[in-house]
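Data block below; observations after.
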Amino acid sequence: MSHMPENNSWQACRYCGKHVHKLQWHPNYRCPFCGQLQRLTIKQRLRITIDADSWQSFETVGTSTDFLDFPGYTEKLKRAQDKTGEAEAMCAGTAKIGGFPVVIGVMDSHFMMGTLNTTIGAVIKQVMAESVARKLPLILFVASGGARMQEGIFSLLQMNTILNQWSQLEDSKNLVVNILTDPTMGGVSASFGFKADYVLAEDHAQIGFAGKRVIAQTTHEQLSDTFQTAEDLLAHGLVDQVIQREKVRSQLITLLRIHFGGNHA
């Protein structure tokens, strides 16, 4: 089960299958039996990351529509919106973390696996532009299954247009921190996922391009149990640090203090 309704008293862990009471998930949604992290909604992520009452969302830059008349896409969008309570798989705005003002974007795998489409591409370009205009650090929580097939080549084009605008972000010298969460796959990992000044990853997150099964079938090799885990990527120098979810907020505050000084907490 991928979604954890706020009003559900009991929820089965998607890894070990044991039933966990909602009070046992808090505050960081780690299974008390197997220790695996559950995937967070946008609201859950913001709740454990930013300072209370500091969130200010940006105006919506677009609405996803079935402009290619892909069969069933309108219905899937409606189901995802009803299930998550979100308009799309990403939200963006300003907030404070430990007293430091930041621009922040959060992707949500519960909404069509956080797939990258034209709307999500527009939101990512929006947070980059706002970071530059406001001269604020950019914090991105990345979660995606890749490009959204229902929008075809237009989804894939987001990879290039995001990277094209990313150069402006780099020129601004703004601090950029990406936190890769479970899962970060496909075109998102292949484009902006690893472009930040600091690339952090939550422990045990699945991070890669093609899925493990596809790679195994293509290469005819036996892949290790840790293949495409955050820990494996750290061992190969692809991420800067693997962090337990319980320490993500404090690590972000540490990075902000290093770059901007003072004690805002």
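Starting from 1 in every chain, residues are counted up; chains themselves are A, B, ... following the order of the structure tokens, and ligands are numbered from 1 as listed.
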List as a CSV table (one decimal) with N, CA and C atoms, in the first residue's frame the protein and nucleic acid residues near A:Val248, meaning an atom at most 9 Å away when only C-alpha atoms are counted, but skip any in the same chain fewer than 6 places from it.
```
chain,number,residue,atom,x,y,z
A,49,THR,N,9.9,19.0,8.3
A,49,THR,CA,11.0,19.6,7.7
A,49,THR,C,11.1,21.1,8.0
A,179,ILE,N,17.5,16.6,-1.9
A,179,ILE,CA,17.4,15.4,-1.1
A,179,ILE,C,16.6,14.4,-1.9
A,200,LEU,N,22.0,15.0,-1.3
A,200,LEU,CA,21.8,14.1,-0.1
A,200,LEU,C,20.7,13.0,-0.5
A,202,GLU,N,18.0,10.0,1.4
A,202,GLU,CA,17.5,9.4,2.6
A,202,GLU,C,17.9,7.9,2.6
```
May I have a table of the residues of stretch 56-122 of chain A lying at most 12 Å from stretch 5-27 of chain A, giving each one's closest pair of atoms and their distance in Å to one decimal, counting only C-alpha atoms, ordered by chain and ascending residue number, as a Markdown table?
```
| residue | atom | partner | partner_atom | distance |
| --- | --- | --- | --- | --- |
| A:Asp82 | CA | A:Pro5 | CA | 11.8 |
| A:Lys83 | CA | A:Pro5 | CA | 8.7 |
| A:Thr84 | CA | A:Pro5 | CA | 8.7 |
| A:Gly85 | CA | A:Pro5 | CA | 10.6 |
| A:His110 | CA | A:Pro5 | CA | 11.0 |
```
Output of the above residues as an mmCIF file, in the first residue's frame, restricted to N, CA, C and O atoms:
```
data_model
loop_
_atom_site.group_PDB
_atom_site.id
_atom_site.type_symbol
_atom_site.label_atom_id
_atom_site.label_comp_id
_atom_site.auth_asym_id
_atom_site.auth_seq_id
_atom_site.Cartn_x
_atom_site.Cartn_y
_atom_site.Cartn_z
ATOM 1 N N ASP A 82 -7.924 13.048 -6.041
ATOM 2 C CA ASP A 82 -8.826 12.647 -4.960
ATOM 3 C C ASP A 82 -8.061 11.905 -3.868
ATOM 4 O O ASP A 82 -8.338 12.083 -2.669
ATOM 5 N N LYS A 83 -7.110 11.069 -4.255
ATOM 6 C CA LYS A 83 -6.367 10.255 -3.294
ATOM 7 C C LYS A 83 -5.429 11.094 -2.443
ATOM 8 O O LYS A 83 -5.305 10.889 -1.232
ATOM 9 N N THR A 84 -4.773 12.070 -3.067
ATOM 10 C CA THR A 84 -3.739 12.837 -2.357
ATOM 11 C C THR A 84 -4.221 14.166 -1.811
ATOM 12 O O THR A 84 -3.598 14.725 -0.912
ATOM 13 N N GLY A 85 -5.298 14.703 -2.393
ATOM 14 C CA GLY A 85 -5.727 16.046 -2.014
ATOM 15 C C GLY A 85 -4.857 17.128 -2.607
ATOM 16 O O GLY A 85 -4.952 18.301 -2.221
ATOM 17 N N HIS A 110 3.078 9.670 -4.286
ATOM 18 C CA HIS A 110 1.709 9.151 -4.205
ATOM 19 C C HIS A 110 0.860 9.639 -5.378
ATOM 20 O O HIS A 110 -0.182 9.050 -5.677
#
```
Interatomic distance between atom CA of A:Cys34 and atom CA of A:Gln206?
-> 16.6 Å
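With distances taken over only C-alpha atoms, A:Thr41 is the one residue among A:Thr65, A:Thr41, A:Gln165, A:Gln150 lying closest to A:Ser109.
Using only C-alpha atoms, the shortest contact distance between A:Gly72 and any of A:Met149, A:Ile243, A:Val199, A:Ile215 is found at A:Met149.
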Within 12 Å of A:Ile153, counting only C-alpha atoms, which residues qualify if same-chain residues fewer than 3 places away don't, as JSON, numbers by chain?
-> {"A": [68, 116, 117, 118, 147, 148, 149, 150, 156, 157, 158, 159, 160, 187]}
Give the strand (DSSP E or B) residues of stretch 2-190 of chain A, as DSSP finds them on the backbone, and put them as a PyMOL selection string.
-> chain A and resi 10-12+19-21+30+37+56-57+90-97+100-107+116+138-144+147+176-184
